[in-house]
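S.K.: You'll find structure.cif just under this line, and it carries mmCIF, C-alpha atoms.
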```
data_model
loop_
_atom_site.label_atom_id
_atom_site.label_comp_id
_atom_site.auth_asym_id
_atom_site.auth_seq_id
_atom_site.Cartn_x
_atom_site.Cartn_y
_atom_site.Cartn_z
CA ASP S 1 9.65 6.15 -40.03
CA LEU S 2 6.13 7.58 -39.90
CA LEU S 3 7.51 11.11 -40.08
CA ALA S 4 9.62 10.20 -43.11
CA ALA S 5 6.69 8.58 -44.91
CA ARG S 6 4.39 11.51 -44.23
CA GLY S 7 7.02 14.06 -45.22
CA LEU S 8 7.96 12.33 -48.44
CA ARG S 9 4.31 12.06 -49.40
CA ASP S 10 3.03 15.48 -48.33
CA GLY S 11 6.16 17.62 -48.37
CA ALA S 12 8.43 18.76 -45.54
CA PRO S 13 6.70 19.79 -42.31
CA ARG S 14 6.87 23.39 -41.11
CA LEU S 15 7.86 22.43 -37.57
CA ILE S 16 8.94 19.20 -35.87
CA VAL S 17 7.81 18.82 -32.25
CA VAL S 18 9.61 16.33 -29.99
CA SER S 19 7.90 15.42 -26.73
CA CYS S 20 10.44 14.69 -23.99
CA THR S 21 8.12 13.85 -21.09
CA PHE S 22 9.39 10.28 -20.63
CA TYR S 23 13.02 11.07 -21.45
CA LEU S 24 15.68 10.97 -18.76
CA SER S 25 18.61 12.59 -20.56
CA PHE S 26 19.59 14.40 -23.74
CA ASN S 27 20.79 11.08 -25.20
CA GLU S 28 17.24 10.07 -26.15
CA ILE S 29 16.53 13.54 -27.52
CA LYS S 30 19.74 13.37 -29.57
CA ARG S 31 18.68 10.11 -31.20
CA VAL S 32 15.31 11.51 -32.32
CA VAL S 33 16.55 14.98 -33.30
CA ARG S 34 19.40 13.65 -35.44
CA LYS S 35 17.01 11.39 -37.35
CA ALA S 36 14.64 14.30 -37.90
CA LYS S 37 17.46 16.58 -39.08
CA LYS S 38 18.71 13.95 -41.49
CA LEU S 39 15.24 13.78 -43.05
CA PHE S 40 14.46 17.51 -42.99
CA PRO S 41 17.63 19.54 -42.26
CA ALA S 42 15.98 22.93 -42.80
CA VAL S 43 12.90 22.37 -40.62
CA PRO S 44 13.02 23.99 -37.14
CA ILE S 45 12.69 21.69 -34.12
CA VAL S 46 10.99 22.39 -30.80
CA ILE S 47 11.30 20.19 -27.73
CA GLY S 48 8.98 20.19 -24.72
CA GLY S 49 7.76 18.11 -21.82
CA ALA S 50 8.47 17.30 -18.20
CA PHE S 51 12.17 16.56 -18.83
CA LEU S 52 12.73 20.22 -19.68
CA ASN S 53 10.80 21.59 -16.73
CA GLN S 54 13.57 20.49 -14.37
CA PHE S 55 16.07 22.90 -15.97
CA PHE S 56 13.81 25.83 -15.15
CA LEU S 57 12.93 24.64 -11.62
CA ASN S 58 16.54 23.93 -10.66
CA ASP S 59 18.02 27.07 -12.26
CA ARG S 60 19.92 25.04 -14.87
CA MET S 61 19.01 26.94 -18.01
CA ALA S 62 22.69 27.01 -18.96
CA ASP S 63 22.57 23.20 -19.25
CA LEU S 64 19.46 23.47 -21.42
CA GLU S 65 21.27 25.98 -23.63
CA ALA S 66 24.25 23.63 -23.98
CA GLY S 67 22.01 20.75 -25.04
CA MET S 68 20.11 22.87 -27.55
CA ARG S 69 23.30 24.22 -29.09
CA LYS S 70 24.94 20.82 -29.35
CA LEU S 71 21.96 19.25 -31.12
CA GLY S 72 20.90 22.26 -33.16
CA ILE S 73 17.49 22.57 -31.48
CA ASP S 74 15.73 25.86 -32.24
CA TYR S 75 13.08 26.10 -29.49
CA ALA S 76 12.30 24.58 -26.10
CA LEU S 77 9.06 24.91 -24.13
CA TYR S 78 10.01 24.52 -20.50
CA ALA S 79 6.62 24.79 -18.73
CA HIS S 80 4.90 21.83 -17.11
CA ASN S 81 1.68 22.25 -19.13
CA SER S 82 2.82 23.80 -22.37
CA GLU S 83 0.00 23.11 -24.84
CA ALA S 84 -0.95 26.81 -24.97
CA ASP S 85 2.71 27.77 -25.40
CA LEU S 86 3.06 25.40 -28.37
CA LYS S 87 -0.02 26.96 -29.95
CA GLY S 88 1.50 30.42 -29.45
CA LEU S 89 4.81 29.32 -31.00
CA ILE S 90 3.08 27.87 -34.09
CA LEU S 91 1.07 31.05 -34.60
CA MET S 92 4.20 33.17 -34.18
CA LEU S 93 6.10 31.12 -36.79
CA ARG S 94 3.33 31.81 -39.28
CA LYS S 95 4.25 35.49 -39.21
CA PRO S 96 7.01 36.92 -41.44
CA ALA S 97 10.39 36.83 -39.70
CA GLY S 98 10.50 40.59 -39.20
CA PHE S 99 7.18 40.63 -37.37
CA ARG S 100 7.84 37.98 -34.73
CA GLU S 101 7.72 39.34 -31.18
CA TRP S 102 9.19 36.46 -29.22
CA ARG S 103 8.78 38.22 -25.88
CA GLU S 104 5.02 37.93 -26.27
CA LEU S 105 5.36 34.17 -25.77
CA LYS S 106 5.72 32.52 -22.37
CA ASN S 107 7.85 29.61 -21.17
CA LEU S 108 10.06 29.63 -24.26
CA ALA S 109 13.82 29.18 -24.63
CA TYR S 110 15.19 29.79 -28.11
CA LEU S 111 18.28 30.43 -30.17
CA GLU S 112 18.19 33.42 -32.50
CA LYS S 113 21.19 34.73 -34.42
CA GLY S 114 23.49 32.81 -32.10
CA ALA S 115 22.03 34.24 -28.89
CA PHE S 116 20.22 32.13 -26.28
CA GLN S 117 17.04 33.78 -25.03
CA VAL S 118 14.47 32.83 -22.37
CA THR S 119 11.03 34.44 -22.12
CA ASP S 120 9.08 34.90 -18.89
CA GLY S 121 7.59 31.89 -17.16
CA GLU S 122 3.85 31.51 -16.65
CA TRP S 123 1.81 28.79 -14.94
CA HIS S 124 -0.90 27.03 -16.98
CA GLU S 125 -3.64 24.86 -15.50
CA PRO S 126 -3.46 21.29 -16.86
CA LEU S 127 -5.90 20.28 -19.59
CA VAL S 128 -7.68 17.24 -18.16
CA GLN S 129 -11.12 17.75 -19.69
CA GLY S 130 -13.01 19.93 -22.14
CA VAL S 131 -10.37 19.75 -24.89
CA PRO S 132 -11.03 16.57 -26.89
CA VAL S 133 -8.11 14.88 -28.63
CA HIS S 134 -8.58 14.16 -32.35
CA TRP S 135 -7.81 10.48 -31.99
CA ASP S 136 -9.33 9.76 -35.40
CA LYS S 137 -6.61 11.86 -37.05
CA LEU S 138 -3.67 10.15 -35.34
CA ASP S 139 -1.74 7.24 -36.82
CA LEU S 140 -1.54 4.91 -33.84
CA SER S 141 -0.51 1.76 -35.69
CA PHE S 142 2.79 1.66 -33.81
CA VAL S 143 1.10 1.38 -30.41
CA ARG S 144 -1.02 -1.61 -31.45
CA ARG S 145 -4.04 -1.74 -29.11
CA THR S 146 -2.85 -0.07 -25.90
CA ILE S 147 -3.26 3.66 -25.27
CA GLN S 148 -2.37 5.95 -22.36
CA LEU S 149 -4.83 8.33 -20.74
CA ARG S 150 -5.14 10.48 -17.65
CA VAL S 151 -8.27 11.55 -15.77
CA SER S 152 -6.41 13.85 -13.41
CA SER S 153 -3.17 15.78 -13.10
CA GLY S 154 -1.06 16.36 -10.03
CA CYS S 155 -1.12 14.81 -6.59
CA MET S 156 -2.79 15.60 -3.28
CA PHE S 157 -0.01 13.97 -1.25
CA GLN S 158 3.30 15.51 -0.17
CA CYS S 159 5.87 12.71 -0.14
CA ALA S 160 9.20 14.20 0.92
CA PHE S 161 11.24 12.71 -1.94
CA CYS S 162 8.84 13.65 -4.75
CA SER S 163 8.83 16.79 -6.91
CA TYR S 164 5.51 16.04 -8.63
CA PRO S 165 3.21 17.93 -6.21
CA VAL S 166 5.56 20.90 -6.47
CA THR S 167 5.65 21.00 -10.28
CA THR S 168 1.91 20.34 -10.74
CA ARG S 169 0.69 22.68 -7.98
CA GLY S 170 -1.97 20.48 -6.46
CA PHE S 171 -4.52 17.96 -7.69
CA HIS S 172 -6.58 18.61 -10.81
CA PRO S 173 -9.22 15.93 -11.49
CA ALA S 174 -11.55 15.54 -14.47
CA GLU S 175 -15.21 14.82 -13.78
CA PRO S 176 -16.09 11.10 -14.12
CA ALA S 177 -18.99 11.92 -16.46
CA ALA S 178 -16.65 13.78 -18.83
CA PHE S 179 -14.20 10.89 -18.73
CA ASP S 180 -16.90 8.35 -19.58
CA SER S 181 -17.97 10.32 -22.64
CA ASP S 182 -14.40 10.79 -23.85
CA LEU S 183 -13.47 7.15 -23.27
CA GLY S 184 -16.31 5.84 -25.42
CA ARG S 185 -15.29 8.12 -28.29
CA ILE S 186 -11.61 7.22 -27.92
CA LEU S 187 -12.22 3.47 -27.96
CA ASP S 188 -14.47 3.77 -30.98
CA GLN S 189 -11.89 5.80 -32.90
CA THR S 190 -8.79 3.82 -31.96
CA GLY S 191 -10.00 0.26 -31.53
CA ALA S 192 -7.96 0.09 -28.33
CA ALA S 193 -8.36 -2.90 -26.04
CA ARG S 194 -6.16 -1.72 -23.16
CA VAL S 195 -5.69 1.55 -21.32
CA ILE S 196 -2.79 2.65 -19.12
CA PHE S 197 -3.89 5.38 -16.73
CA ILE S 198 -0.90 7.56 -15.94
CA ASP S 199 -2.56 9.43 -13.05
CA ASP S 200 -0.41 9.55 -9.93
CA THR S 201 -3.45 9.24 -7.64
CA PHE S 202 -5.90 7.28 -9.76
CA ASN S 203 -7.94 5.78 -6.89
CA VAL S 204 -8.25 8.92 -4.75
CA PRO S 205 -10.84 10.22 -3.91
CA LYS S 206 -12.36 6.77 -3.40
CA GLU S 207 -15.94 7.50 -4.52
CA ARG S 208 -14.73 9.10 -7.73
CA PHE S 209 -12.57 6.04 -8.40
CA LYS S 210 -15.57 3.75 -7.98
CA LYS S 211 -17.52 5.77 -10.56
CA ILE S 212 -14.62 5.39 -12.98
CA CYS S 213 -14.49 1.63 -12.36
CA HIS S 214 -18.21 1.33 -13.09
CA SER S 215 -17.62 3.14 -16.40
CA LEU S 216 -14.74 0.83 -17.26
CA ALA S 217 -16.83 -2.24 -16.47
CA GLN S 218 -19.21 -1.25 -19.28
CA ARG S 219 -16.37 -1.02 -21.81
CA LYS S 220 -14.93 -4.54 -21.49
CA ILE S 221 -11.31 -3.41 -21.71
CA ALA S 222 -8.19 -4.19 -19.70
CA TRP S 223 -6.59 -1.38 -17.74
CA TYR S 224 -3.42 -0.64 -15.78
CA SER S 225 -2.78 2.13 -13.27
CA PHE S 226 -0.77 3.50 -10.38
CA LEU S 227 -2.58 2.81 -7.11
CA ARG S 228 -2.57 4.00 -3.48
CA VAL S 229 -3.11 0.55 -2.03
CA GLN S 230 -3.80 1.73 1.54
CA PHE S 231 -7.21 2.96 0.33
CA ILE S 232 -8.30 -0.40 -1.10
CA ASP S 233 -10.96 -2.48 0.65
CA ASP S 234 -12.66 -5.73 -0.30
CA ALA S 235 -15.51 -4.15 -2.25
CA THR S 236 -13.21 -1.84 -4.19
CA ALA S 237 -10.85 -4.67 -5.14
CA ALA S 238 -13.83 -6.74 -6.34
CA LEU S 239 -15.02 -3.79 -8.43
CA MET S 240 -11.54 -3.33 -9.91
CA LYS S 241 -11.44 -6.97 -10.97
CA ALA S 242 -14.91 -6.78 -12.54
CA SER S 243 -13.96 -3.60 -14.42
CA GLY S 244 -10.98 -5.23 -16.15
CA CYS S 245 -7.98 -4.28 -14.01
CA ALA S 246 -4.98 -6.05 -15.55
CA MET S 247 -2.26 -4.83 -13.14
CA VAL S 248 -1.48 -2.03 -10.69
CA TYR S 249 1.73 -0.26 -9.71
CA LEU S 250 2.07 0.37 -5.98
CA GLY S 251 4.49 3.04 -4.78
CA ILE S 252 5.35 1.26 -1.52
CA GLU S 253 8.79 2.95 -1.34
CA SER S 254 9.79 1.38 2.01
CA ALA S 255 8.81 -1.55 4.21
CA ASN S 256 9.94 0.22 7.38
CA ASP S 257 7.57 2.49 9.31
CA GLY S 258 10.36 4.81 10.45
CA VAL S 259 11.54 5.46 6.91
CA LEU S 260 7.93 5.80 5.72
CA GLY S 261 7.46 8.46 8.40
CA ASN S 262 10.54 10.35 7.20
CA MET S 263 9.13 10.16 3.66
CA ASN S 264 5.85 11.67 4.89
CA LYS S 265 3.98 8.80 3.22
CA LYS S 266 1.24 8.97 5.90
CA VAL S 267 0.82 5.20 5.78
CA THR S 268 2.19 2.19 7.65
CA ARG S 269 3.47 -1.15 6.48
CA ARG S 270 0.43 -2.81 8.04
CA GLU S 271 -1.92 -0.64 5.96
CA PHE S 272 0.00 -1.53 2.81
CA GLU S 273 -0.27 -5.21 3.62
CA GLN S 274 -3.98 -5.01 4.30
CA GLY S 275 -4.68 -3.45 0.90
CA LEU S 276 -2.44 -5.99 -0.79
CA ARG S 277 -4.44 -8.85 0.69
CA PHE S 278 -7.59 -7.56 -1.02
CA LEU S 279 -5.83 -7.26 -4.38
CA LYS S 280 -4.42 -10.77 -4.10
CA LYS S 281 -7.83 -12.13 -3.10
CA TYR S 282 -9.12 -11.09 -6.52
CA ASP S 283 -5.97 -12.13 -8.42
CA ILE S 284 -4.99 -8.63 -9.47
CA PRO S 285 -1.28 -8.65 -10.45
CA VAL S 286 0.86 -6.25 -8.44
CA LEU S 287 4.07 -4.37 -9.18
CA ALA S 288 5.59 -2.79 -6.04
CA GLY S 289 8.13 0.01 -6.31
CA PHE S 290 10.78 0.66 -3.64
CA VAL S 291 13.23 3.50 -2.99
CA ILE S 292 16.49 2.62 -1.22
CA GLY S 293 18.51 5.14 0.74
CA PHE S 294 16.09 7.84 1.83
CA PRO S 295 17.29 9.62 5.01
CA GLY S 296 16.87 7.25 7.93
CA GLU S 297 17.60 4.19 5.80
CA THR S 298 20.05 1.62 7.13
CA LYS S 299 21.12 -1.77 5.84
CA GLU S 300 18.59 -3.36 8.20
CA THR S 301 15.64 -1.21 7.07
CA ALA S 302 16.48 -1.78 3.40
CA MET S 303 16.57 -5.54 3.89
CA GLU S 304 12.99 -5.41 5.21
CA ILE S 305 11.99 -5.01 1.57
CA ARG S 306 12.84 -8.67 0.95
CA ASP S 307 10.57 -9.84 3.76
CA PHE S 308 7.76 -7.55 2.59
CA ILE S 309 7.89 -8.95 -0.94
CA ASP S 310 8.14 -12.56 0.22
CA SER S 311 5.26 -12.19 2.70
CA ASN S 312 2.72 -10.37 0.56
CA GLY S 313 2.50 -12.16 -2.77
CA VAL S 314 4.07 -9.37 -4.82
CA ASP S 315 4.32 -10.38 -8.49
CA PHE S 316 6.81 -7.80 -9.79
CA TYR S 317 9.01 -5.25 -8.05
CA THR S 318 11.37 -2.38 -8.82
CA LEU S 319 14.33 -1.07 -6.83
CA LYS S 320 15.71 2.42 -7.20
CA GLU S 321 18.15 4.51 -5.23
CA PHE S 322 16.90 7.72 -3.63
CA TYR S 323 17.44 10.66 -5.99
CA TYR S 324 17.97 14.01 -4.26
CA LEU S 325 16.30 16.99 -5.95
CA PRO S 326 16.45 20.53 -4.54
CA HIS S 327 12.76 21.25 -5.28
CA THR S 328 11.49 18.40 -3.09
CA PRO S 329 10.28 18.71 0.53
CA VAL S 330 13.24 16.73 1.93
CA HIS S 331 15.53 19.55 0.81
CA GLN S 332 13.97 21.74 3.50
CA GLN S 333 15.04 19.15 6.10
CA ARG S 334 18.57 18.61 4.82
CA GLU S 335 20.22 19.92 7.98
CA ARG S 336 18.17 17.56 10.16
CA TYR S 337 19.40 14.57 8.13
CA GLN S 338 22.88 15.98 7.37
CA LEU S 339 21.91 15.54 3.73
CA THR S 340 24.41 16.85 1.20
CA GLY S 341 25.08 16.49 -2.52
CA SER S 342 22.48 16.33 -5.26
CA GLY S 343 20.89 13.95 -7.72
CA ALA S 344 22.65 10.59 -7.67
CA ASP S 345 25.58 11.87 -5.59
CA TRP S 346 24.45 12.28 -2.01
CA LYS S 347 25.10 11.20 1.56
CA HIS S 348 23.34 11.64 4.88
CA GLN S 349 23.81 10.55 8.47
CA THR S 350 22.78 6.91 7.89
CA MET S 351 23.79 6.09 4.29
CA THR S 352 25.56 7.12 1.09
CA TYR S 353 24.44 6.67 -2.50
CA THR S 354 27.17 4.06 -3.05
CA GLU S 355 25.87 2.01 -0.12
CA ALA S 356 22.29 2.28 -1.41
CA SER S 357 23.40 1.04 -4.82
CA ALA S 358 25.17 -1.95 -3.28
CA LEU S 359 22.05 -2.81 -1.26
CA LYS S 360 19.94 -2.62 -4.39
CA ILE S 361 22.14 -5.19 -6.11
CA ALA S 362 22.16 -7.42 -3.03
CA LEU S 363 18.36 -7.39 -2.82
CA PHE S 364 18.08 -8.02 -6.56
CA LYS S 365 20.18 -11.16 -6.18
CA GLN S 366 18.39 -12.39 -3.06
CA ILE S 367 14.69 -11.88 -3.89
CA THR S 368 13.31 -14.92 -5.71
CA SER S 369 9.60 -14.88 -4.83
CA ALA S 370 8.88 -11.94 -7.19
CA VAL S 371 10.24 -10.75 -10.53
CA ALA S 372 12.35 -7.61 -10.83
CA VAL S 373 11.71 -5.17 -13.68
CA ASP S 374 13.48 -1.99 -14.67
CA PRO S 375 12.22 0.92 -12.50
CA ASP S 376 12.10 3.40 -15.37
CA THR S 377 9.94 1.29 -17.70
CA SER S 378 8.20 -0.80 -14.99
CA MET S 379 4.45 -0.98 -15.67
CA TRP S 380 4.83 0.16 -19.29
CA HIS S 381 7.23 -2.72 -19.99
CA ILE S 382 4.74 -5.30 -18.75
CA ALA S 383 1.77 -3.69 -20.53
CA TYR S 384 3.78 -3.58 -23.75
CA LEU S 385 4.53 -7.31 -23.57
CA ASN S 386 0.86 -8.00 -22.84
CA ASP S 387 0.01 -5.96 -25.93
CA ARG S 388 2.42 -8.10 -27.96
CA GLY S 389 0.57 -11.24 -26.88
CA TYR S 390 2.48 -12.35 -23.77
CA SER S 391 0.41 -13.55 -20.81
CA MET S 392 1.45 -12.48 -17.31
CA ALA S 393 2.97 -15.94 -16.80
CA GLN S 394 5.00 -15.56 -19.98
CA VAL S 395 6.10 -12.06 -19.00
CA LYS S 396 7.42 -13.46 -15.73
CA GLN S 397 9.20 -16.25 -17.59
CA VAL S 398 10.88 -13.83 -20.00
CA GLN S 399 11.85 -11.41 -17.26
CA ARG S 400 13.29 -14.14 -15.03
CA ALA S 401 15.59 -15.15 -17.87
CA ILE S 402 16.65 -11.51 -18.37
CA ASN S 403 17.31 -11.14 -14.63
CA ALA S 404 19.35 -14.36 -14.51
CA LEU S 405 21.45 -13.00 -17.36
CA ILE S 406 21.96 -9.74 -15.45
CA VAL S 407 23.09 -11.65 -12.35
CA GLU S 408 25.61 -13.56 -14.46
CA GLN S 409 27.02 -10.32 -15.82
CA LEU S 410 27.07 -8.65 -12.39
CA GLU S 411 29.33 -11.54 -11.39
CA GLY S 412 31.62 -10.89 -14.35
CA LYS S 413 30.36 -13.72 -16.59
CA PHE S 414 29.97 -12.16 -20.02
CA ARG S 415 29.42 -15.00 -22.48
CA GLU S 416 27.57 -15.18 -25.76
CA ASP S 417 26.76 -18.85 -25.18
CA SER S 418 24.82 -18.18 -21.96
CA PRO S 419 21.84 -20.54 -21.78
CA TYR S 420 19.63 -17.58 -20.92
CA PHE S 421 20.10 -16.13 -24.41
CA ALA S 422 18.84 -19.38 -25.88
CA GLU S 423 15.95 -19.43 -23.41
CA LEU S 424 14.94 -15.89 -24.33
CA SER S 425 15.11 -16.70 -28.02
CA ARG S 426 12.90 -19.74 -27.55
CA MET S 427 10.31 -17.81 -25.54
CA VAL S 428 10.19 -14.91 -27.99
CA LYS S 429 9.62 -17.31 -30.88
CA SER S 430 6.86 -19.11 -28.97
CA VAL S 431 4.61 -16.03 -28.90
CA PRO S 432 2.73 -15.36 -32.17
#
```
Rewrite the structure from the file as structure tokens, please.
M.R.:
Amino acid sequence: DLLAARGLRDGAPRLIVVSCTFYLSFNEIKRVVRKAKKLFPAVPIVIGGAFLNQFFLNDRMADLEAGMRKLGIDYALYAHNSEADLKGLILMLRKPAGFREWRELKNLAYLEKGAFQVTDGEWHEPLVQGVPVHWDKLDLSFVRRTIQLRVSSGCMFQCAFCSYPVTTRGFHPAEPAAFDSDLGRILDQTGAARVIFIDDTFNVPKERFKKICHSLAQRKIAWYSFLRVQFIDDATAALMKASGCAMVYLGIESANDGVLGNMNKKVTRREFEQGLRFLKKYDIPVLAGFVIGFPGETKETAMEIRDFIDSNGVDFYTLKEFYYLPHTPVHQQRERYQLTGSGADWKHQTMTYTEASALKIALFKQITSAVAVDPDTSMWHIAYLNDRGYSMAQVKQVQRAINALIVEQLEGKFREDSPYFAELSRMVKSVP
């Protein structure tokens, strides 16, 4: 809608850029691209973001080509940090058609005269500081008063199921002083009242995290983040509360020490529980994420998740089956675990994907002490409802009704007169 209004007022854009970082399939891209093409059928479209990086890493450029051809997409930037590549593409498109040397650009897939072409790949360091965003020139009315920021890129850990350290090539932090300066300017220009930090390792190193918390305490805003809870002590939890922490996402992954060892998490259940006690002492809401089915998982180890949640005051939780990617560390150990398949179709010596999925549903039905949320929207879902005026108690109430409806439908009860529809309608209407 914003694109249409701007285009109708100022004339058709020269290029439409679609960020695909949070997309999980071409279905979402299709929805956006088709709307854009309906508005401006002659304007070229470029897609970019983390979703596309997987095609390059996993040698699936043919699948990228198929998606681009089907949707009529002109260009795709497949690098992990492609800001410089986008700049190069824009400058190239300013040249007359006969003077465009596409091979000068890096990390670009494109369709030209019916042929699919891919230029050489090149690594770019992430831009985490020194390049200020022009927040004052962005129309952020659709995000209300919550914005997303990062103060680092990458991860210093090497969890066996995760591709992030591979794709980001290490840990790239911004200096706390630079962050403090940028944050003040951003809040002044946007009027934001909440910040979601998307950093994978927000609270590591610990001293740097404390400096960031002190900066946040001066701003009087609410914030959400991912957190390595094993590094939280009493003083740090108290500082988080004083600085406005509204909720944290904890990648617990497993409640069993054997499975945690296989994951290379370098943490024990006891260390998780100790950090959780400090967060609960200061009433910081917690969302714990779990992966079911990693090599070494059994029905018994998976069911330990229920006891962990019940025993540690977890507020929200997510459950997700292990997803097998070839560019993750566990791939190097596939023979040890007799791990075969790929993606969501795998099996190993102790479990299959089908069994993991069944255990996920069983746990979802059995856990009543905490509230399940969708693993793909997780923290963002809760922050969005907070932004819309829902308290944490009201979020739980809404989500419990949604989950009860899901349980009904899992049991084959599809009915329009379900009392949970009426309950959801009443709760939605009760919030201004």
S.K.: Which residue gives the smallest distance to S:Arg34 among S:Val428, S:Gly72, S:Arg277, S:Asn256, with all atoms listed in the file counted?
M.R.: S:Gly72
S.K.: For S:Asp85, which residue out of S:Arg426, S:Arg145, S:Arg169, S:Lys106 is the nearest one, using all atoms listed in the file?
M.R.: S:Lys106
S.K.: Running the PyMOL selection byres ((chain S and resi 370) around 6) on this model by hand, what would come out? Give it as a list in words.
M.R.: Val314, Asp315, Phe316, Thr368, Ser369 and Val371 of chain S
S.K.: Separation of atom CA of S:Asp199 and atom CA of S:Lys87, in Å?
M.R.: 24.5 Å
S.K.: Once the PyMOL selection byres ((chain S and resi 230) around 7) is applied to the coordinates I shared, what remains selected? I want it as a PDB file with C-alpha atoms, in the frame of the given file.
M.R.:
```pdb
ATOM      1  CA  ARG S 228      -2.570   4.000  -3.480  1.00  0.00           C
ATOM      2  CA  VAL S 229      -3.110   0.550  -2.030  1.00  0.00           C
ATOM      3  CA  PHE S 231      -7.210   2.960   0.330  1.00  0.00           C
ATOM      4  CA  ILE S 232      -8.300  -0.400  -1.100  1.00  0.00           C
ATOM      5  CA  GLU S 271      -1.920  -0.640   5.960  1.00  0.00           C
ATOM      6  CA  PHE S 272       0.000  -1.530   2.810  1.00  0.00           C
ATOM      7  CA  GLY S 275      -4.680  -3.450   0.900  1.00  0.00           C
TER       8      GLY S 275
END
```
S.K.: Of the residues S:Leu279, S:Leu149, S:Leu260, S:Ala358, which is the one nearest to S:Ser225, using all atoms listed in the file?
M.R.: S:Leu149
S.K.: Any chance you could resolve the PyMOL selection byres ((chain S and resi 376) around 12) against this file and give the residues as a list in words?
M.R.: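 This file gives the following for the PyMOL selection byres ((chain S and resi 376) around 12): Phe22, Tyr23, Leu24, Gly289, Tyr317, Thr318, Leu319, Lys320, Glu321, Ala372, Val373, Asp374, Pro375, Thr377, Ser378, Met379, Trp380, His381 and Ile382 of chain S.
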S.K.: Pick the closest to S:Ile212 from S:Phe179, S:Tyr337, S:Phe308, S:Tyr224: which is it, counting all atoms listed in the file?
M.R.: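 Of S:Phe179, S:Tyr337, S:Phe308, S:Tyr224, the one nearest S:Ile212 is S:Phe179, counting all atoms listed in the file.
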S.K.: Mind listing whatever residues come within 6 Å of the point (17.8, 5.3, -0.4)? Use all atoms listed in the file, file coordinates, and give them as a ChimeraX atom specification.
M.R.: /S:291-294,321-322,356
S.K.: Would you mind telling me which residue in S:Cys20, S:Ala50, S:Met303, S:Leu140 lies nearest to S:Ile361 when using only C-alpha atoms?
M.R.: S:Met303
